[in-house]
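Reviewing the structure listed below.
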Amino acid sequence: MSIRERLSGNEAAAIAMKQINPDVVAAFPITPSTEIPQYFSTFVSNGDVDTEFVAVESEHSAMAATISAEAAGGRAMTATSANGMSLMWEMIYIASSLRLPIVMSLVNRAVSGPLNIHNDHSDAMGVRDAGWIMLFSENNQEAYDNLIMAHRIAENKNVKLPLMVCQDGFITSHSIENIELIEDDKVKKFVGEYKPDEYLLNKANPIAIGPLDLQAYLFEHKAQQAEAMKNAKKVILEVADEFEKMTGRKYSFFEEYKLDDAEIAIVCMNSTAGTTKFVVDSLREKGIKAGLLKLRVFRPFPAEEIAKALEHVKAVAVLDKADSLNAAGGALFEDVTSAMYVNKKQVPMVNYVYGIGGRDTKADDIEKVYEDLQEIVKSGNVDNPYRYLGLRR
Amino acid sequence: MAYNLKQVVAEKPSRFTAGHRMCAGCGAPPVARMVLRALKPEDHAVISVATGCMEVSTFIYPYTAWTDSFIHTAFECAGANASGAEAAYKALKRKGKIPEDQTTKFIAFGGDGGTYDIGLQSLSGAMERGHDMVYVCYDNGAYMNTGIQRSSATPRFADTTTSPAGKVIPGKMQNRKDLANIIANHHIPYVAQTIAVNNFKDLYEKSEKAIYTEGPAFLNVLAPCPRGWGYNTEDLMKINKLAVETCYWPLFEVVDGKYTVNYKPKNKLPIEEFLRPQKRFKHMFKPGNEWMIEEFQKEVDRRWEELLNLEEITNKEQE
């Protein structure tokens with residue numbers, strides 16, 4: 001029997017880590033992810049796990065130590081947010097290039113400056129091309145489930161890529177909600193043992209990793225990373241299937257909420273999907289055919305599948321919780337529009353940058369987006385594709 | 001058993017092999033070779049190296065000069081890399097995933113740029129956390145890999161590409177950082193300053209102590225650079241000897257807080273002897289620049305006295 005609990009998103013992440021029982025956790029405090037290493041170091045101090053906890057002096061060292069712990073042959077995990085991710089940035093790219101299946105919780109928060117500790121997705125968007133698998137989570141349950149599935153995806157022989165599980169800072173990291181936990185022994189069995197083929201601590205077969213990789217080789221090595229990212233798509237679905245068999249909870253690249261017959265749809269990630277579902281339900285009661293595509297797997301980007309899921313819709317709004325400051329729309333919008341264009345789906349698209357720095361996004365705001373979409377359907381025109389939601393003028 | 005170079009070399013083949021692409025006359029390869037020779041033949045090592053000459057010249061894909069396990073990630077994190085691997089070792093040992101009879105040692109190498117400057121934080125963190133590791137700084141007194149830029153290890157007046165000896169500013173204007181003492185103030189079990197002189201005895205013995213002392217250890221090793229310092233490649237060992245005989249580079253160790261100065265020259269040579277063979281100090285010998293040599297000598301003397309005092313004070317307290 002699964003265990004019914006009430007936990008915050010950070011607690012859920014920490015408990016997933018406890019059940020995974022990694023060999024090394026190296027982390028540095030930063031709001032709002034601080035609680036994850038806090039809870040976890042309590043598990044260490046109380047002997048609930050047999051992990052080596054390395055209380056590093058910076059996020060840069062957190063990722064550096066995580067990299068070498070994983071390279072040494074251990075399972076290594078960490079957690080961070082915002083500026084912590086910015087400081088790690090150099091090492092994030094190195095982690096994926098060394099093909100190390102590190103798993104990290106990224107509790108999304110606005111990247112400075114100016115300083116702001118609240119939620120948006122600028123930290124995640126800053127590493128979207130770093131070669132990490134990126135899973136987004138609507139709530140504490142999904143943050144937990146994604147972490148339980150993470151190692152199986154990352155460590156797969158055809159993948160071998162690091163993976164980050166994102167959730168919204170404060171909105172889900174600090175909100176206590178009901179959650180269904182999986183029994184320890186089931187998690188242990190599901191996650192399995194980590195048996196790398198090659199690792200630093202294998203005295204019988206010493207290896208050297210992290211070379212100077214010049215013109216003759218780097219291109220091919222990068223192409224191998226790209227190939228692994230493509231391979232991850234199949235593995236993500238396979239692991240989700242197995243997870244569903246264990247828990248009954250279904251996961252895919254994205255969740256289609258009342259999308260199959262929708263005329264207008266929103267694409268978004270993380271907690272905003274919860275608010276959007278509430279609005280979709282109320283609009284449906286009024287006979288308005290609203291739907292939602294909640295993206296779970298942002299990297300690899302399921303372009304073809306998204307295009308297919310949205311092809312019948314008459315107008316789509318993509319919500320970006322990070323401004324690319326490029327005069328041409330947010331990152332998610334760019335990816336979705338590109339997916340549609342390449343797959344020859346002509347659907348009017350509009351972009352909203354919203355929720356920056358923790359600006360609250362209410363049901364009214366989401367309703368406004370659906371109203372705009374109805375307007376677009378009626379007129380057939382998108383006069384201004386790059387819009388803001390909730391910005392004071 | 002007394003140290004015997006021939007015996008050490010015969011019994012312990014080099015774990016850092018030929019074929020690397022470090023320059024002729026570079027002080028760093030002999031250091032790497034000798035430090036690793038201090039490992040017991042049956043022990044395995046995980047070596048982490050900061051980006052710099054030693055990394056880019058020894059591990060160019062698909063070739064490596066290292067026979068032990070090796071990891072390089074970036075410039076500033078040799079300390080953190082050693083930490084993470086050592087933490088994994090502890091965890092895997094505890095879980096019985098590494099053979100019981102396997103001993104792995106963790107050795108980090110970084111140049112002065114990767115150690116005194118950009119990697120100082122990661123080094124300090126690793127030392128404070130008490131990882132069982134050795135950090136070896138091969139100090140050549142500038143960012144040599146990128147083309148001789150000044151670092152906080154560059155001595156005063158040295159001509160580098162970012163502290164050029166010009167018409168108005170005669171080279172680097174600041175004195176060098178004293179890293180061995182900074183690390184000694186982390187109160188770790190073993191800190192030493194050494195160099196490859198006298199058949200490598202001092203370097204070998206200190207490496208052995210550093211590797212086999214439980215907990216964090218730090219070795220600061222002067223490793224001259226023929227390109228950056230401007231000496232003839234065949235003069236490497238001569239330069240090393242002059243660094244010691246002038247007390248520019250004192251040999252000392254700090255064991256559990258107690259300082260020992262390992263060599264006190266009977267005839268301390270004037271600093272000119274060390275400066276003259278090096279092109280980076282050429283401008284100091286122009287007429288009218290005598291004050292620079294005087295200032296340099298004063299700083300060397302001041303630091304030497306300070307070191308002797310530290311030796312006296314720390315030994316007195318222990319009595």
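Chain identifiers are assigned as A, B, and so on, following the order in which chains appear in the structure tokens; residues are numbered from 1 within each chain, and ligands are numbered from 1 in order of appearance.
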When you look at Tyr231 in chain B with a cut-off of 7 Å (counting only C-alpha atoms), what residues show up, excluding the ones that are within fewer than 6 positions of it in the same chain? I need them as a list in words. Pro277, Gln278 and Lys279 of chain B
Check every residue of chain A for an atom within 7 Å of chain B, counting only C-alpha atoms, and provide those that qualify as an mmCIF file with N, CA and C atoms, in the first residue's frame.
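Ended up saving to selection-v2.cif:
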```cif
data_model
loop_
_atom_site.group_PDB
_atom_site.id
_atom_site.type_symbol
_atom_site.label_atom_id
_atom_site.label_comp_id
_atom_site.auth_asym_id
_atom_site.auth_seq_id
_atom_site.Cartn_x
_atom_site.Cartn_y
_atom_site.Cartn_z
ATOM 1 N N ASP A 23 24.968 7.773 -3.138
ATOM 2 C CA ASP A 23 26.258 7.637 -2.460
ATOM 3 C C ASP A 23 26.780 8.979 -1.964
ATOM 4 N N VAL A 24 26.579 10.008 -2.784
ATOM 5 C CA VAL A 24 27.083 11.331 -2.413
ATOM 6 C C VAL A 24 26.020 12.390 -2.706
ATOM 7 N N THR A 51 24.596 7.881 2.868
ATOM 8 C CA THR A 51 25.180 8.810 1.895
ATOM 9 C C THR A 51 26.301 9.611 2.539
ATOM 10 N N GLU A 52 27.283 9.983 1.737
ATOM 11 C CA GLU A 52 28.313 10.926 2.164
ATOM 12 C C GLU A 52 27.786 12.316 1.788
ATOM 13 N N VAL A 56 29.522 21.683 0.645
ATOM 14 C CA VAL A 56 30.499 22.456 -0.121
ATOM 15 C C VAL A 56 30.401 23.954 0.156
ATOM 16 N N GLU A 57 31.396 24.685 -0.320
ATOM 17 C CA GLU A 57 31.481 26.123 -0.039
ATOM 18 C C GLU A 57 30.879 26.978 -1.154
ATOM 19 N N SER A 61 31.273 24.410 -6.577
ATOM 20 C CA SER A 61 31.888 23.209 -6.015
ATOM 21 C C SER A 61 30.858 22.102 -5.813
ATOM 22 N N ALA A 64 30.883 20.558 -9.095
ATOM 23 C CA ALA A 64 32.201 19.953 -9.340
ATOM 24 C C ALA A 64 32.346 18.659 -8.532
ATOM 25 N N ALA A 65 31.922 18.693 -7.274
ATOM 26 C CA ALA A 65 32.040 17.515 -6.411
ATOM 27 C C ALA A 65 31.050 16.434 -6.852
ATOM 28 N N THR A 66 29.876 16.849 -7.276
ATOM 29 C CA THR A 66 28.878 15.896 -7.762
ATOM 30 C C THR A 66 29.399 15.189 -9.013
ATOM 31 N N SER A 68 32.574 14.676 -9.874
ATOM 32 C CA SER A 68 33.654 13.714 -9.634
ATOM 33 C C SER A 68 33.159 12.533 -8.805
ATOM 34 N N ALA A 69 32.140 12.743 -7.972
ATOM 35 C CA ALA A 69 31.572 11.622 -7.214
ATOM 36 C C ALA A 69 30.892 10.637 -8.169
ATOM 37 N N ALA A 72 33.459 8.918 -10.149
ATOM 38 C CA ALA A 72 34.175 7.947 -9.317
ATOM 39 C C ALA A 72 33.431 6.620 -9.254
ATOM 40 N N GLY A 74 29.964 6.559 -8.040
ATOM 41 C CA GLY A 74 28.848 6.678 -7.109
ATOM 42 C C GLY A 74 27.636 7.303 -7.777
ATOM 43 N N ILE A 94 29.808 20.729 -18.336
ATOM 44 C CA ILE A 94 30.849 19.705 -18.210
ATOM 45 C C ILE A 94 30.225 18.379 -17.768
ATOM 46 N N LEU A 200 36.147 6.003 -12.040
ATOM 47 C CA LEU A 200 37.484 6.341 -11.521
ATOM 48 C C LEU A 200 37.974 5.368 -10.454
ATOM 49 N N LYS A 203 40.061 0.299 -9.764
ATOM 50 C CA LYS A 203 41.523 0.183 -9.767
ATOM 51 C C LYS A 203 41.994 -0.730 -10.903
ATOM 52 N N PRO A 206 41.860 1.755 -14.664
ATOM 53 C CA PRO A 206 41.858 3.207 -14.452
ATOM 54 C C PRO A 206 41.456 3.945 -15.729
ATOM 55 N N ILE A 207 40.722 5.027 -15.568
ATOM 56 C CA ILE A 207 40.312 5.805 -16.745
ATOM 57 C C ILE A 207 40.706 7.261 -16.561
ATOM 58 N N ALA A 208 40.826 7.962 -17.663
ATOM 59 C CA ALA A 208 41.075 9.406 -17.624
ATOM 60 C C ALA A 208 39.884 10.086 -18.272
ATOM 61 N N ILE A 209 39.305 11.045 -17.574
ATOM 62 C CA ILE A 209 38.165 11.745 -18.176
ATOM 63 C C ILE A 209 38.353 13.259 -18.108
ATOM 64 N N GLY A 210 37.788 13.931 -19.076
ATOM 65 C CA GLY A 210 37.874 15.387 -19.160
ATOM 66 C C GLY A 210 39.100 15.864 -19.904
ATOM 67 N N PRO A 211 39.320 15.366 -21.140
ATOM 68 C CA PRO A 211 40.530 15.735 -21.888
ATOM 69 C C PRO A 211 40.445 17.124 -22.501
ATOM 70 N N LEU A 212 41.557 17.541 -23.075
ATOM 71 C CA LEU A 212 41.546 18.632 -24.040
ATOM 72 C C LEU A 212 41.063 17.975 -25.331
ATOM 73 N N ASP A 213 39.956 18.441 -25.851
ATOM 74 C CA ASP A 213 39.262 17.761 -26.944
ATOM 75 C C ASP A 213 39.198 18.720 -28.130
#
```
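Nearest to Val127 in chain A of all the residues A:Arg299, A:Phe278, A:Leu283, A:Glu177 is A:Arg299, counting only C-alpha atoms.
Separating CA of Ala76 in chain A from CA of Thr31 in chain A is a distance of 21.1 Å.
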Can you pull out every residue within 10 Å of range 288-292 of chain B, counting only C-alpha atoms, but drop anything in the same chain fewer than 6 positions away, and send it as a ChimeraX atom specification? /B:156-157,170,281,298
Fill in: Residues near Ser41 in chain A, cut-off 7 Å, only C-alpha atoms, skip fewer than 4 positions along chain, as number ranges by chain
A: 37, 45, 53
Need the shell around Ile3 in chain A: protein/DNA/RNA residues with any atom at most 8 Å away, counting only C-alpha atoms. Skip same-chain ones fewer than 4 positions apart. Format as an mmCIF file with C-alpha atoms, in the first residue's frame?
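Once written, result-v5.cif looks like this:
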```cif
data_model
loop_
_atom_site.group_PDB
_atom_site.id
_atom_site.type_symbol
_atom_site.label_atom_id
_atom_site.label_comp_id
_atom_site.auth_asym_id
_atom_site.auth_seq_id
_atom_site.Cartn_x
_atom_site.Cartn_y
_atom_site.Cartn_z
ATOM 1 C CA GLU A 180 1.162 9.537 -2.176
ATOM 2 C CA LEU A 181 4.571 8.106 -1.358
ATOM 3 C CA ILE A 182 5.830 4.770 -2.604
ATOM 4 C CA GLU A 183 7.107 2.231 -0.083
#
```
Sel. of strand (DSSP E or B) residues, range 25-135 of chain B, as a CSV table (one decimal) with C-alpha atoms, in the first residue's frame:
```
chain,number,residue,atom,x,y,z
B,44,HIS,CA,45.8,3.4,-6.6
B,45,ALA,CA,45.3,7.1,-7.1
B,46,VAL,CA,42.5,9.3,-8.4
B,47,ILE,CA,44.2,12.5,-9.7
B,48,SER,CA,42.3,15.7,-10.4
B,49,VAL,CA,44.0,18.4,-12.3
B,60,ILE,CA,44.9,15.5,-25.3
B,66,TRP,CA,48.5,9.4,-16.6
B,69,SER,CA,42.6,7.3,-12.7
B,70,PHE,CA,42.3,10.9,-13.8
B,71,ILE,CA,39.7,13.7,-13.9
B,104,THR,CA,42.9,4.8,-3.3
B,105,LYS,CA,44.6,8.1,-2.7
B,106,PHE,CA,43.3,11.4,-3.9
B,107,ILE,CA,45.8,13.9,-5.3
B,108,ALA,CA,45.0,17.2,-6.9
B,109,PHE,CA,47.3,19.3,-9.0
B,110,GLY,CA,46.9,22.9,-9.9
B,111,GLY,CA,49.1,25.7,-11.1
B,134,VAL,CA,46.6,16.1,-1.1
B,135,TYR,CA,46.5,19.3,-3.0
```
Skipping near chain neighbours, those fewer than 6 positions away, what residues fall within 10 Å of Glu273 in chain B using only C-alpha atoms, listed as a PDB file with C-alpha atoms, in the first residue's frame?
```pdb
ATOM      1  CA  ILE B 239      67.177  27.992 -10.863  1.00  0.00           C
ATOM      2  CA  LEU B 242      69.099  29.416  -6.382  1.00  0.00           C
ATOM      3  CA  ALA B 243      65.479  29.840  -5.229  1.00  0.00           C
ATOM      4  CA  GLU B 245      69.851  29.241  -1.487  1.00  0.00           C
ATOM      5  CA  THR B 246      68.593  32.844  -1.640  1.00  0.00           C
TER       6      THR B 246
END
```
Which neighbours of Pro29 in chain B fall inside 12 Å, counting only C-alpha atoms, when residues of the same chain fewer than 6 positions from it are skipped, and could you give them as a count of residues only? 29
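Straight-line separation from CA of Ala38 in chain B to CA of Thr194 in chain B: 14.1 Å.
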